[in-house]
$ cat my_file38.cif   # mmCIF, C-alpha atoms
data_upload
loop_
_atom_site.label_atom_id
_atom_site.label_comp_id
_atom_site.auth_asym_id
_atom_site.auth_seq_id
_atom_site.Cartn_x
_atom_site.Cartn_y
_atom_site.Cartn_z
CA LEU A 1 64.76 19.81 -47.35
CA ARG A 2 63.13 20.66 -50.69
CA PHE A 3 59.82 18.92 -49.93
CA PRO A 4 57.74 20.51 -47.09
CA PHE A 5 55.76 17.32 -46.34
CA LEU A 6 59.03 15.51 -45.51
CA ARG A 7 59.90 18.20 -43.01
CA GLY A 8 56.47 17.66 -41.49
CA LEU A 9 56.94 13.90 -41.13
CA LEU A 10 60.32 14.34 -39.47
CA PHE A 11 58.82 16.84 -37.02
CA LEU A 12 56.03 14.45 -36.04
CA ARG A 13 58.50 11.62 -35.59
CA ALA A 14 60.51 13.77 -33.17
CA HIS A 15 57.34 14.93 -31.32
CA PRO A 16 55.01 11.88 -31.17
CA THR A 17 52.51 13.45 -28.75
CA MET A 18 51.56 15.93 -31.47
CA MET A 19 50.04 12.99 -33.38
CA MET A 20 47.69 12.16 -30.46
CA PRO A 21 44.11 13.40 -30.21
CA ARG A 22 44.07 16.45 -27.93
CA ALA A 23 42.10 14.80 -25.10
CA PHE A 24 44.45 11.79 -24.94
CA SER A 25 47.53 14.02 -25.02
CA MET A 26 46.19 16.03 -22.08
CA ARG A 27 45.57 12.86 -20.04
CA PHE A 28 49.08 11.63 -20.80
CA ARG A 29 50.71 14.83 -19.58
CA HIS A 30 48.51 14.92 -16.47
CA ALA A 31 49.38 11.32 -15.58
CA LYS A 32 53.09 12.09 -15.63
CA GLY A 33 52.60 14.32 -12.60
CA CYS A 34 50.40 12.03 -10.52
CA GLY A 35 52.80 9.44 -9.14
CA PRO A 36 53.81 5.99 -10.35
CA ALA A 37 50.65 4.21 -9.28
CA LEU A 38 48.06 6.46 -10.90
CA ARG A 39 44.67 4.74 -10.78
CA SER A 40 41.07 5.86 -10.88
CA LEU A 41 39.30 6.70 -7.64
CA SER A 42 36.93 3.80 -8.24
CA SER A 43 39.80 1.27 -8.23
CA LEU A 44 41.85 2.76 -5.38
CA ARG A 45 41.60 0.59 -2.26
CA HIS A 46 42.98 1.00 1.25
CA LEU A 47 43.20 -1.63 4.00
CA LYS A 48 42.42 0.01 7.34
CA THR A 49 40.73 -2.92 9.09
CA ILE A 50 39.80 -6.38 7.85
CA MET A 51 36.29 -4.98 7.28
CA CYS A 52 37.63 -3.12 4.25
CA LEU A 53 37.47 -6.48 2.44
CA SER A 54 34.39 -8.52 1.59
CA LYS A 55 34.27 -12.28 2.08
CA THR A 56 34.62 -12.76 -1.68
CA GLU A 57 37.68 -10.51 -1.77
CA ILE A 58 39.23 -12.29 1.21
CA ASP A 59 38.64 -15.63 -0.54
CA THR A 60 40.38 -14.26 -3.64
CA ILE A 61 43.40 -13.17 -1.58
CA MET A 62 43.54 -16.58 0.09
CA GLY A 63 43.57 -18.34 -3.26
CA ILE A 64 46.37 -16.15 -4.59
CA ALA A 65 48.36 -16.44 -1.35
CA SER A 66 48.19 -20.23 -1.52
CA ASP A 67 49.28 -20.21 -5.17
CA MET A 68 52.12 -17.79 -4.40
CA LYS A 69 53.31 -20.08 -1.62
CA GLN A 70 53.33 -23.10 -3.93
CA ASN A 71 54.48 -21.35 -7.13
CA PRO A 72 56.54 -18.26 -6.22
CA ASP A 73 58.26 -18.00 -9.60
CA LYS A 74 54.89 -17.50 -11.27
CA TYR A 75 54.64 -14.08 -9.60
CA LYS A 76 58.30 -12.96 -9.69
CA ASP A 77 57.48 -9.98 -11.91
CA SER A 78 54.03 -9.20 -10.49
CA LEU A 79 55.21 -5.89 -9.04
CA SER A 80 58.27 -5.27 -11.17
CA GLN A 81 59.69 -1.78 -10.61
CA LYS A 82 57.03 -0.99 -7.99
CA THR A 83 57.89 0.54 -4.61
CA LEU A 84 56.40 -0.01 -1.17
CA LEU A 85 57.16 2.68 1.41
CA MET A 86 57.07 1.27 4.93
CA LEU A 87 56.43 3.76 7.74
CA PHE A 88 57.28 2.42 11.20
CA GLU A 89 56.29 4.17 14.42
CA LYS A 90 56.18 0.83 16.26
CA PRO A 91 58.99 -1.67 15.72
CA SER A 92 58.40 -5.16 14.31
CA LEU A 93 60.67 -7.93 13.07
CA ARG A 94 58.00 -9.94 11.23
CA THR A 95 56.27 -6.98 9.60
CA ARG A 96 59.40 -5.45 8.14
CA VAL A 97 61.04 -8.69 6.98
CA SER A 98 57.85 -10.21 5.54
CA PHE A 99 56.90 -7.09 3.56
CA GLU A 100 60.44 -6.33 2.39
CA THR A 101 61.15 -9.92 1.35
CA GLY A 102 57.72 -10.17 -0.25
CA MET A 103 58.26 -7.10 -2.41
CA THR A 104 61.63 -8.44 -3.54
CA GLN A 105 60.06 -11.78 -4.48
CA LEU A 106 57.43 -9.94 -6.54
CA GLY A 107 60.09 -8.00 -8.44
CA GLY A 108 59.60 -4.75 -6.54
CA HIS A 109 61.36 -2.78 -3.85
CA ALA A 110 60.56 -1.77 -0.26
CA ILE A 111 61.85 1.26 1.63
CA PHE A 112 61.97 1.30 5.44
CA TYR A 113 61.42 4.67 7.11
CA SER A 114 61.24 5.11 10.88
CA ILE A 115 58.81 7.72 12.13
CA ALA A 116 59.42 6.86 15.80
CA ASP A 117 61.54 9.99 16.28
CA SER A 118 59.73 12.07 13.67
CA PRO A 119 56.02 11.38 14.19
CA LEU A 120 53.52 11.87 11.42
CA GLY A 121 51.94 15.30 11.49
CA LYS A 122 54.76 17.01 13.40
CA LYS A 123 57.12 18.51 10.81
CA GLU A 124 54.43 18.71 8.16
CA SER A 125 50.75 17.92 7.98
CA LEU A 126 49.62 14.37 7.35
CA SER A 127 47.83 15.71 4.30
CA ASP A 128 51.08 16.96 2.79
CA THR A 129 52.92 13.75 3.70
CA GLY A 130 50.31 11.55 2.03
CA LYS A 131 50.25 13.65 -1.13
CA VAL A 132 54.04 13.73 -1.44
CA LEU A 133 54.48 9.99 -0.83
CA SER A 134 51.82 9.29 -3.45
CA ARG A 135 54.12 10.93 -6.01
CA TYR A 136 57.06 8.66 -5.10
CA ALA A 137 55.76 5.21 -4.24
CA ASP A 138 53.13 2.71 -5.37
CA PHE A 139 51.97 1.63 -1.89
CA ILE A 140 52.21 3.01 1.66
CA MET A 141 52.38 0.58 4.57
CA ALA A 142 52.15 2.12 8.03
CA ARG A 143 52.60 0.61 11.49
CA VAL A 144 51.52 3.34 13.89
CA ASN A 145 50.16 4.09 17.34
CA LYS A 146 46.88 5.76 16.46
CA ARG A 147 44.06 4.72 14.13
CA GLN A 148 43.57 8.38 13.22
CA ASP A 149 46.93 8.42 11.42
CA ILE A 150 45.89 5.56 9.15
CA GLN A 151 42.56 7.24 8.47
CA GLU A 152 44.14 10.59 7.60
CA LEU A 153 46.77 9.02 5.34
CA ALA A 154 44.09 7.09 3.48
CA GLU A 155 41.97 10.20 2.99
CA VAL A 156 44.68 12.08 1.08
CA SER A 157 46.76 9.36 -0.59
CA SER A 158 46.24 8.49 -4.24
CA ILE A 159 47.98 5.11 -3.73
CA PRO A 160 46.87 2.21 -1.49
CA VAL A 161 47.47 2.62 2.24
CA ILE A 162 47.93 -0.62 4.19
CA ASN A 163 47.46 -0.70 7.94
CA ALA A 164 50.25 -2.91 9.29
CA LEU A 165 48.97 -2.28 12.84
CA ASP A 166 47.41 0.52 14.81
CA ASN A 167 45.57 0.57 18.12
CA TYR A 168 42.31 -0.56 16.52
CA ALA A 169 43.14 -3.21 13.93
CA HIS A 170 45.74 -5.59 12.49
CA PRO A 171 44.33 -6.69 9.12
CA CYS A 172 47.57 -8.10 7.66
CA GLN A 173 47.79 -10.48 10.60
CA MET A 174 44.21 -11.54 9.95
CA LEU A 175 45.01 -12.57 6.38
CA ALA A 176 47.96 -14.65 7.58
CA ASP A 177 45.85 -16.19 10.34
CA LEU A 178 43.10 -17.14 7.94
CA GLN A 179 45.55 -18.68 5.49
CA THR A 180 46.94 -20.79 8.33
CA ILE A 181 43.48 -21.87 9.47
CA ILE A 182 42.52 -22.87 5.93
CA GLU A 183 45.75 -24.87 5.57
CA GLN A 184 44.98 -26.73 8.77
CA LYS A 185 41.19 -27.02 8.56
CA SER A 186 40.36 -26.61 4.84
CA SER A 187 37.82 -23.89 5.69
CA ALA A 188 37.17 -21.43 8.50
CA GLU A 189 33.41 -21.44 8.12
CA GLY A 190 31.60 -23.03 11.06
CA LEU A 191 34.71 -23.25 13.26
CA LYS A 192 35.03 -21.81 16.76
CA LEU A 193 37.99 -19.61 17.65
CA ALA A 194 38.69 -18.84 21.31
CA PHE A 195 40.93 -15.92 22.25
CA PHE A 196 42.35 -15.67 25.79
CA GLY A 197 44.02 -12.82 27.66
CA ASP A 198 44.14 -9.14 26.73
CA VAL A 199 40.93 -8.74 24.77
CA ALA A 200 41.17 -4.94 24.57
CA ASN A 201 43.60 -4.87 21.68
CA ASN A 202 43.86 -4.61 17.91
CA VAL A 203 44.32 -8.34 17.26
CA THR A 204 41.22 -9.27 19.24
CA TYR A 205 39.15 -6.63 17.50
CA ASP A 206 40.11 -7.76 14.00
CA LEU A 207 39.68 -11.44 14.94
CA MET A 208 36.12 -10.60 15.97
CA ARG A 209 35.57 -8.81 12.66
CA LEU A 210 37.22 -11.58 10.64
CA GLY A 211 35.08 -14.26 12.26
CA SER A 212 31.96 -12.22 11.56
CA ILE A 213 32.90 -11.93 7.88
CA VAL A 214 33.96 -15.52 7.17
CA GLY A 215 31.47 -17.36 9.39
CA MET A 216 33.58 -18.33 12.40
CA LYS A 217 32.22 -18.24 15.93
CA VAL A 218 34.57 -16.15 18.07
CA ALA A 219 34.76 -16.32 21.86
CA VAL A 220 36.96 -13.71 23.54
CA CYS A 221 37.83 -14.44 27.13
CA GLY A 222 39.54 -12.03 29.48
CA PRO A 223 39.17 -9.75 32.50
CA VAL A 224 36.42 -7.61 30.99
CA ASP A 225 34.96 -7.20 34.49
CA LYS A 226 38.07 -5.38 35.73
CA GLY A 227 37.30 -2.02 34.17
CA SER A 228 37.09 -0.23 30.83
CA GLU A 229 40.82 -0.56 30.10
CA TYR A 230 40.33 -4.34 29.85
CA ALA A 231 37.03 -4.28 27.96
CA VAL A 232 36.27 -4.58 24.25
CA GLU A 233 35.39 -1.26 22.62
CA GLU A 234 31.66 -0.92 22.04
CA SER A 235 32.21 0.17 18.45
CA VAL A 236 33.78 -3.22 17.63
CA ILE A 237 30.82 -5.06 19.15
CA GLU A 238 28.47 -2.98 17.01
CA GLU A 239 30.52 -3.68 13.89
CA CYS A 240 30.30 -7.42 14.50
CA LYS A 241 26.56 -7.22 15.07
CA ALA A 242 26.15 -5.35 11.79
CA LEU A 243 28.09 -8.12 10.04
CA GLY A 244 25.84 -10.76 11.57
CA GLY A 245 28.70 -12.24 13.57
CA ASP A 246 28.53 -14.92 16.24
CA VAL A 247 30.72 -13.37 18.95
CA ILE A 248 30.69 -13.90 22.69
CA ILE A 249 32.64 -11.98 25.32
CA THR A 250 33.14 -13.82 28.58
CA THR A 251 35.26 -14.18 31.69
CA SER A 252 34.70 -17.96 31.75
CA VAL A 253 37.68 -19.93 30.45
CA GLU A 254 35.58 -23.09 30.27
CA GLU A 255 32.83 -21.42 28.22
CA ALA A 256 35.34 -20.07 25.71
CA ALA A 257 37.48 -23.21 25.45
CA THR A 258 34.74 -25.83 25.19
CA GLY A 259 34.32 -26.91 21.59
CA ALA A 260 37.06 -24.59 20.29
CA ASP A 261 38.81 -25.53 17.06
CA ILE A 262 41.36 -22.73 17.33
CA VAL A 263 42.95 -21.30 20.47
CA TYR A 264 44.61 -17.92 20.13
CA CYS A 265 46.49 -15.58 22.42
CA ASP A 266 48.68 -12.51 22.18
CA SER A 267 51.24 -10.73 24.32
CA TRP A 268 50.08 -9.17 27.56
CA MET A 269 52.74 -6.46 27.11
CA SER A 270 52.07 -4.92 23.70
CA TYR A 271 54.45 -2.27 22.38
CA GLY A 272 53.95 1.00 24.20
CA ILE A 273 52.88 -0.47 27.54
CA PRO A 274 55.45 0.63 30.15
CA ASP A 275 57.47 -2.09 31.90
CA SER A 276 56.34 -0.69 35.22
CA GLU A 277 52.89 -2.20 34.55
CA ALA A 278 54.21 -5.71 33.88
CA GLU A 279 53.57 -7.23 37.32
CA GLN A 280 50.13 -5.69 37.69
CA ARG A 281 49.08 -6.90 34.23
CA LYS A 282 50.49 -10.35 34.92
CA ALA A 283 48.28 -10.63 38.01
CA VAL A 284 45.20 -9.57 36.04
CA PHE A 285 45.77 -11.85 33.03
CA MET A 286 47.26 -14.98 34.64
CA PRO A 287 43.81 -16.60 35.16
CA TYR A 288 43.52 -16.56 31.34
CA GLN A 289 46.87 -18.18 30.56
CA VAL A 290 46.58 -20.95 27.96
CA ASP A 291 48.03 -24.12 29.46
CA ASP A 292 47.54 -27.84 28.89
CA LYS A 293 44.34 -27.84 30.97
CA VAL A 294 42.80 -25.19 28.72
CA MET A 295 43.81 -27.11 25.60
CA GLU A 296 42.22 -30.27 27.00
CA MET A 297 38.84 -28.47 27.08
CA THR A 298 39.02 -27.82 23.33
CA ASN A 299 38.30 -30.18 20.47
CA SER A 300 40.76 -33.05 20.06
CA ASP A 301 42.04 -31.70 16.74
CA SER A 302 42.29 -28.07 17.85
CA ILE A 303 45.25 -25.88 16.93
CA PHE A 304 47.10 -23.20 18.89
CA MET A 305 47.98 -19.78 17.44
CA ASN A 306 49.93 -16.75 18.63
CA CYS A 307 50.81 -13.83 16.35
CA LEU A 308 54.22 -13.50 18.07
CA PRO A 309 56.33 -12.38 19.79
CA ALA A 310 55.42 -14.83 22.54
CA ALA A 311 56.42 -14.99 26.18
CA ARG A 312 56.54 -18.56 27.48
CA GLY A 313 55.15 -18.73 30.98
CA LEU A 314 52.89 -15.72 30.48
CA GLU A 315 50.09 -15.73 27.86
CA GLN A 316 50.80 -19.43 27.25
CA THR A 317 52.99 -22.14 28.70
CA ALA A 318 55.99 -23.55 26.86
CA SER A 319 54.28 -26.94 26.62
CA VAL A 320 51.48 -25.37 24.56
CA ILE A 321 53.43 -23.14 22.17
CA ASP A 322 56.11 -25.79 21.65
CA GLY A 323 53.60 -28.64 21.60
CA PRO A 324 52.11 -30.66 18.73
CA LYS A 325 49.05 -28.42 18.33
CA SER A 326 51.04 -25.24 17.81
CA VAL A 327 51.09 -23.72 14.30
CA VAL A 328 52.69 -20.41 15.28
CA PHE A 329 55.61 -20.64 12.84
CA ASP A 330 53.36 -21.55 9.91
CA GLN A 331 51.31 -18.55 10.98
CA ALA A 332 54.39 -16.30 11.00
CA GLU A 333 55.53 -17.52 7.58
CA ASN A 334 52.11 -16.86 6.11
CA ARG A 335 52.43 -13.15 6.90
CA MET A 336 54.67 -12.94 3.83
CA HIS A 337 52.47 -14.98 1.49
CA ALA A 338 49.22 -13.28 2.51
CA GLN A 339 50.75 -9.81 2.23
CA LYS A 340 52.20 -10.59 -1.20
CA ALA A 341 48.72 -11.58 -2.34
CA LEU A 342 47.28 -8.40 -0.83
CA LEU A 343 49.81 -6.20 -2.64
CA HIS A 344 49.10 -8.06 -5.87
CA VAL A 345 45.35 -7.43 -5.77
CA LEU A 346 45.69 -3.83 -4.56
CA TYR A 347 47.76 -3.08 -7.64
CA HIS A 348 46.21 -5.37 -10.27
CA GLY A 349 42.67 -5.53 -8.90
CA PHE A 350 40.51 -8.37 -7.67
#
$ encode --input "my_file38.cif" --output "C-alpha cells"
Amino acid sequence: LRFPFLRGLLFLRAHPTMMMPRAFSMRFRHAKGCGPALRSLSSLRHLKTIMCLSKTEIDTIMGIASDMKQNPDKYKDSLSQKTLLMLFEKPSLRTRVSFETGMTQLGGHAIFYSIADSPLGKKESLSDTGKVLSRYADFIMARVNKRQDIQELAEVSSIPVINALDNYAHPCQMLADLQTIIEQKSSAEGLKLAFFGDVANNVTYDLMRLGSIVGMKVAVCGPVDKGSEYAVEESVIEECKALGGDVIITTSVEEAATGADIVYCDSWMSYGIPDSEAEQRKAVFMPYQVDDKVMEMTNSDSIFMNCLPAARGLEQTASVIDGPKSVVFDQAENRMHAQKALLHVLYHGF
C-alpha cells in the first residue's frame, strides 16, 4: 500500500483490542481465563442453607418461581448456553430430574457427575476441584454426605455453589415447600407447621430455619428424649433464636398437632442409614407416625406434606398421603420451578 495510514487502519481492523484503552484491554484478557460465569465477589452468592437468603430474597424467588410456572416460555432463554454441573454423592430421582429439566427449560445444559465412587477430596483437593470446575461451568450443584464439603467448595469456587442436600440442610427443598404453602395458603406468615418423626435431620433443620425467617411457627415432634442421635443439634436451635423464630421441640404429638396448618414428615430411613437399623428405628419412631387421628387434631383446612420418597405404613399411613389433604405431588413438582427461579437470580441477580 502506498499510503501508510491505510496500512494502519487495516491493522487495527484485524486487531480490535489494540483500539481499546489499556486498562479495559487488560480486564478483557483476564476475564477470558476466569470461567464462563465471571462475576464480582460482591455479586457471587452460594446457597448452603436456607439462611443464606433473606426474607426479601426468598419472596423474590417465590414471585419468579410462580411466574415461571405460569409462563415458562417467558424464561426459555434465561440461561441460554449456561451449564450446571451436578455432583451426586447421594442418589436422588427428584433432584436430578428437576434440575436437569429446569436447566433445559431455561435454555441451558446440566451435566450429571457421580462422586459416589470417587469422593470429593480423594484424588485431588477440594480446593483444586472447585477452582477447576469454576473454569468450566456456570453453577455447581452438590448433593453430598457432609456439610464440610459444601463449605469447602463454596470457599474456593468463583461460581455459585448450590447445596442440593447435605447432613445439615436442604435449602432447595425449602424453596419448593414454601412455594407449595403459598399456593395453598396465600402466605406462610402466621401459620403453624408441625413436623413429626426423625427430627435430627437436614429437612427438619432447614424447616426450623425457614419458619424463623418467614414468620411461621414450627413445632418439631419426635423422640428427642431417646438420646443425642435423635435430638436436634444445638447449633440449629441457636440459629433459630438469633432469627427470632417461634420454634418448639416436643415429644407430645398432641401439642405439635393442635392448631397446625401444615403437617410434614420425612423418611425414617434416610440415605446412608444401614438396613440393619430399620426395625429398631421403626420401633422408636412409630409413636410419631402421622395417621388420621393426628390429622384430626390439626386445623380443618390443614395440608399434609412429605418431601418424598415416602413409605406408606411408616412415617405416614396411606390414608393420609393419598388423602384429600395431601399436596405431596404439587410439592415435588415445585422443586423444578423453585430451583429454576433460584438459578435465575443466582446468575442475573435479585
$ resolve_selection --input "my_file38.cif" --expression "the PyMOL selection byres ((chain A and resi 178) around 12)" --output "ChimeraX atom specification"
/A:50,55,58-59,61-63,65-66,171-177,179-189,191,193,206-207,210-211,213-216,262,305,307,330-332,334-335,337-338
$ residues_around --input "my_file38.cif" --residues "stretch 264-276 of chain A" --least-positions-apart "3" --cutoff "8 Å" --atoms "all atoms listed in the file" --output "PyMOL selection string"
chain A and resi 90+193-198+203+279+281-282+285+290+304-311+314-316
$ write_last_selection --input "my_file38.cif" --atoms "C-alpha atoms" --output "PDB file, keeping the file's coordinate frame"
ATOM      1  CA  LYS A  90      56.180   0.830  16.260  1.00  0.00           C
ATOM      2  CA  LEU A 193      37.990 -19.610  17.650  1.00  0.00           C
ATOM      3  CA  ALA A 194      38.690 -18.840  21.310  1.00  0.00           C
ATOM      4  CA  PHE A 195      40.930 -15.920  22.250  1.00  0.00           C
ATOM      5  CA  PHE A 196      42.350 -15.670  25.790  1.00  0.00           C
ATOM      6  CA  GLY A 197      44.020 -12.820  27.660  1.00  0.00           C
ATOM      7  CA  ASP A 198      44.140  -9.140  26.730  1.00  0.00           C
ATOM      8  CA  VAL A 203      44.320  -8.340  17.260  1.00  0.00           C
ATOM      9  CA  GLU A 279      53.570  -7.230  37.320  1.00  0.00           C
ATOM     10  CA  ARG A 281      49.080  -6.900  34.230  1.00  0.00           C
ATOM     11  CA  LYS A 282      50.490 -10.350  34.920  1.00  0.00           C
ATOM     12  CA  PHE A 285      45.770 -11.850  33.030  1.00  0.00           C
ATOM     13  CA  VAL A 290      46.580 -20.950  27.960  1.00  0.00           C
ATOM     14  CA  PHE A 304      47.100 -23.200  18.890  1.00  0.00           C
ATOM     15  CA  MET A 305      47.980 -19.780  17.440  1.00  0.00           C
ATOM     16  CA  ASN A 306      49.930 -16.750  18.630  1.00  0.00           C
ATOM     17  CA  CYS A 307      50.810 -13.830  16.350  1.00  0.00           C
ATOM     18  CA  LEU A 308      54.220 -13.500  18.070  1.00  0.00           C
ATOM     19  CA  PRO A 309      56.330 -12.380  19.790  1.00  0.00           C
ATOM     20  CA  ALA A 310      55.420 -14.830  22.540  1.00  0.00           C
ATOM     21  CA  ALA A 311      56.420 -14.990  26.180  1.00  0.00           C
ATOM     22  CA  LEU A 314      52.890 -15.720  30.480  1.00  0.00           C
ATOM     23  CA  GLU A 315      50.090 -15.730  27.860  1.00  0.00           C
ATOM     24  CA  GLN A 316      50.800 -19.430  27.250  1.00  0.00           C
TER      25      GLN A 316
END
$ resolve_selection --input "my_file38.cif" --expression "the PyMOL selection byres ((chain A and resi 74-79) around 7)" --output "list in words"
Met68, Asn71, Pro72, Asp73, Ser80, Gln81, Lys82, Gln105, Leu106, Gly107, Gly108 and His344 of chain A
$ closest_residue --input "my_file38.cif" --among "A:Val199, A:Ile150, A:Ala219, A:Leu85" --to "A:Arg135" --atoms "all atoms listed in the file"
A:Leu85
$ closest_atom_pairs --input "my_file38.cif" --of "stretch 88-190 of chain A" --to "stretch 234-252 of chain A" --cutoff "12 Å" --atoms "only C-alpha atoms" --output "Markdown table"
| residue | atom | partner | partner_atom | distance |
| --- | --- | --- | --- | --- |
| A:Tyr168 | CA | A:Val236 | CA | 9.0 |
| A:Ala169 | CA | A:Val236 | CA | 10.1 |
| A:Glu189 | CA | A:Asp246 | CA | 11.5 |
| A:Gly190 | CA | A:Asp246 | CA | 10.1 |
$ write_last_selection --input "my_file38.cif" --atoms "C-alpha atoms" --output "compact mmCIF listing (two decimals), in the coordinates of the input"
# COMPACT_ATOMS: atom_id res chain seq x y z
CA TYR A 168 42.31 -0.56 16.52
CA ALA A 169 43.14 -3.21 13.93
CA GLU A 189 33.41 -21.44 8.12
CA GLY A 190 31.60 -23.03 11.06
$ closest_residue --input "my_file38.cif" --among "A:Asp149, A:Tyr113, A:Met295, A:Pro160" --to "A:Gly349" --atoms "all atoms listed in the file"
A:Pro160
$ closest_residue --input "my_file38.cif" --among "A:Ala164, A:Thr129, A:Thr60, A:Lys48" --to "A:Gln148" --atoms "all atoms listed in the file"
A:Lys48
$ atom_distance --input "my_file38.cif" --atom1 "atom CA of A:Leu44" --atom2 "atom CA of A:Leu93"
28.4 Å
$ resolve_selection --input "my_file38.cif" --expression "the PyMOL selection byres ((chain A and resi 319) around 12)" --output "PDB file with C-alpha atoms, in the frame of the given file"
ATOM      1  CA  VAL A 290      46.580 -20.950  27.960  1.00  0.00           C
ATOM      2  CA  ASP A 291      48.030 -24.120  29.460  1.00  0.00           C
ATOM      3  CA  ASP A 292      47.540 -27.840  28.890  1.00  0.00           C
ATOM      4  CA  LYS A 293      44.340 -27.840  30.970  1.00  0.00           C
ATOM      5  CA  VAL A 294      42.800 -25.190  28.720  1.00  0.00           C
ATOM      6  CA  MET A 295      43.810 -27.110  25.600  1.00  0.00           C
ATOM      7  CA  PHE A 304      47.100 -23.200  18.890  1.00  0.00           C
ATOM      8  CA  ARG A 312      56.540 -18.560  27.480  1.00  0.00           C
ATOM      9  CA  GLY A 313      55.150 -18.730  30.980  1.00  0.00           C
ATOM     10  CA  LEU A 314      52.890 -15.720  30.480  1.00  0.00           C
ATOM     11  CA  GLN A 316      50.800 -19.430  27.250  1.00  0.00           C
ATOM     12  CA  THR A 317      52.990 -22.140  28.700  1.00  0.00           C
ATOM     13  CA  ALA A 318      55.990 -23.550  26.860  1.00  0.00           C
ATOM     14  CA  VAL A 320      51.480 -25.370  24.560  1.00  0.00           C
ATOM     15  CA  ILE A 321      53.430 -23.140  22.170  1.00  0.00           C
ATOM     16  CA  ASP A 322      56.110 -25.790  21.650  1.00  0.00           C
ATOM     17  CA  GLY A 323      53.600 -28.640  21.600  1.00  0.00           C
ATOM     18  CA  PRO A 324      52.110 -30.660  18.730  1.00  0.00           C
ATOM     19  CA  LYS A 325      49.050 -28.420  18.330  1.00  0.00           C
ATOM     20  CA  SER A 326      51.040 -25.240  17.810  1.00  0.00           C
TER      21      SER A 326
END
$ closest_residue --input "my_file38.cif" --among "A:Val224, A:Leu165, A:Val327, A:Val132" --to "A:Arg94" --atoms "all atoms listed in the file"
A:Leu165
$ residues_near_point --input "my_file38.cif" --point "(47.7, 11.7, -3.2)" --cutoff "6 Å" --atoms "only C-alpha atoms" --output "MDAnalysis selection string"
chainID A and resid 130:131 134 156:158
$ write_last_selection --input "my_file38.cif" --atoms "C-alpha atoms" --output "short mmCIF file (atom, residue, chain, number, x, y, z; two decimals), in the frame of the given file"
data_model
loop_
_atom_site.label_atom_id
_atom_site.label_comp_id
_atom_site.auth_asym_id
_atom_site.auth_seq_id
_atom_site.Cartn_x
_atom_site.Cartn_y
_atom_site.Cartn_z
CA GLY A 130 50.31 11.55 2.03
CA LYS A 131 50.25 13.65 -1.13
CA SER A 134 51.82 9.29 -3.45
CA VAL A 156 44.68 12.08 1.08
CA SER A 157 46.76 9.36 -0.59
CA SER A 158 46.24 8.49 -4.24
#
$ axis_aligned_box --input "my_file38.cif" --around "stretch 52-69 of chain A" --padding-each-side "4 Å" --output "lines of an AutoDock Vina configuration file"
center_x = 43.8
center_y = -11.7
center_z = -0.5
size_x = 27.0
size_y = 25.1
size_z = 17.4
$ atom_distance --input "my_file38.cif" --atom1 "atom CA of A:Thr83" --atom2 "atom CA of A:Tyr136"
8.2 Å
$ closest_residue --input "my_file38.cif" --among "A:Ile64, A:Val161, A:Ala260, A:Ala231" --to "A:Val218" --atoms "all atoms listed in the file"
A:Ala260
$ atom_distance --input "my_file38.cif" --atom1 "atom CA of A:Met208" --atom2 "atom CA of A:His46"
20.0 Å
$ closest_residue --input "my_file38.cif" --among "A:Asp117, A:Glu277, A:Glu333, A:Glu152" --to "A:Phe88" --atoms "all atoms listed in the file"
A:Asp117
$ build_atoms --input "my_file38.cif" --residues "stretch 131-143 of chain A" --atoms "N, CA and C atoms" --output "PDB file, in the frame of the given file"
ATOM      1  N   LYS A 131      50.223  13.205   0.270  1.00  0.00           N
ATOM      2  CA  LYS A 131      50.250  13.650  -1.130  1.00  0.00           C
ATOM      3  C   LYS A 131      51.646  13.520  -1.731  1.00  0.00           C
ATOM      4  N   VAL A 132      52.671  13.834  -0.945  1.00  0.00           N
ATOM      5  CA  VAL A 132      54.040  13.730  -1.440  1.00  0.00           C
ATOM      6  C   VAL A 132      54.412  12.265  -1.676  1.00  0.00           C
ATOM      7  N   LEU A 133      54.114  11.404  -0.697  1.00  0.00           N
ATOM      8  CA  LEU A 133      54.480   9.990  -0.830  1.00  0.00           C
ATOM      9  C   LEU A 133      53.765   9.342  -2.003  1.00  0.00           C
ATOM     10  N   SER A 134      52.571   9.828  -2.307  1.00  0.00           N
ATOM     11  CA  SER A 134      51.820   9.290  -3.450  1.00  0.00           C
ATOM     12  C   SER A 134      52.524   9.573  -4.770  1.00  0.00           C
ATOM     13  N   ARG A 135      53.378  10.604  -4.795  1.00  0.00           N
ATOM     14  CA  ARG A 135      54.120  10.930  -6.010  1.00  0.00           C
ATOM     15  C   ARG A 135      55.367  10.053  -6.177  1.00  0.00           C
ATOM     16  N   TYR A 136      55.818   9.443  -5.069  1.00  0.00           N
ATOM     17  CA  TYR A 136      57.060   8.660  -5.100  1.00  0.00           C
ATOM     18  C   TYR A 136      56.814   7.153  -5.224  1.00  0.00           C
ATOM     19  N   ALA A 137      55.896   6.648  -4.417  1.00  0.00           N
ATOM     20  CA  ALA A 137      55.760   5.210  -4.240  1.00  0.00           C
ATOM     21  C   ALA A 137      54.480   4.685  -4.880  1.00  0.00           C
ATOM     22  N   ASP A 138      54.317   3.367  -4.839  1.00  0.00           N
ATOM     23  CA  ASP A 138      53.130   2.710  -5.370  1.00  0.00           C
ATOM     24  C   ASP A 138      52.202   2.219  -4.263  1.00  0.00           C
ATOM     25  N   PHE A 139      52.747   2.039  -3.058  1.00  0.00           N
ATOM     26  CA  PHE A 139      51.970   1.630  -1.890  1.00  0.00           C
ATOM     27  C   PHE A 139      52.582   2.315  -0.658  1.00  0.00           C
ATOM     28  N   ILE A 140      51.753   2.584   0.341  1.00  0.00           N
ATOM     29  CA  ILE A 140      52.210   3.010   1.660  1.00  0.00           C
ATOM     30  C   ILE A 140      51.766   1.967   2.670  1.00  0.00           C
ATOM     31  N   MET A 141      52.700   1.457   3.446  1.00  0.00           N
ATOM     32  CA  MET A 141      52.380   0.580   4.570  1.00  0.00           C
ATOM     33  C   MET A 141      52.761   1.315   5.840  1.00  0.00           C
ATOM     34  N   ALA A 142      51.869   1.364   6.810  1.00  0.00           N
ATOM     35  CA  ALA A 142      52.150   2.120   8.030  1.00  0.00           C
ATOM     36  C   ALA A 142      51.833   1.298   9.270  1.00  0.00           C
ATOM     37  N   ARG A 143      52.769   1.294  10.186  1.00  0.00           N
ATOM     38  CA  ARG A 143      52.600   0.610  11.490  1.00  0.00           C
ATOM     39  C   ARG A 143      52.719   1.710  12.552  1.00  0.00           C
TER      40      ARG A 143
END
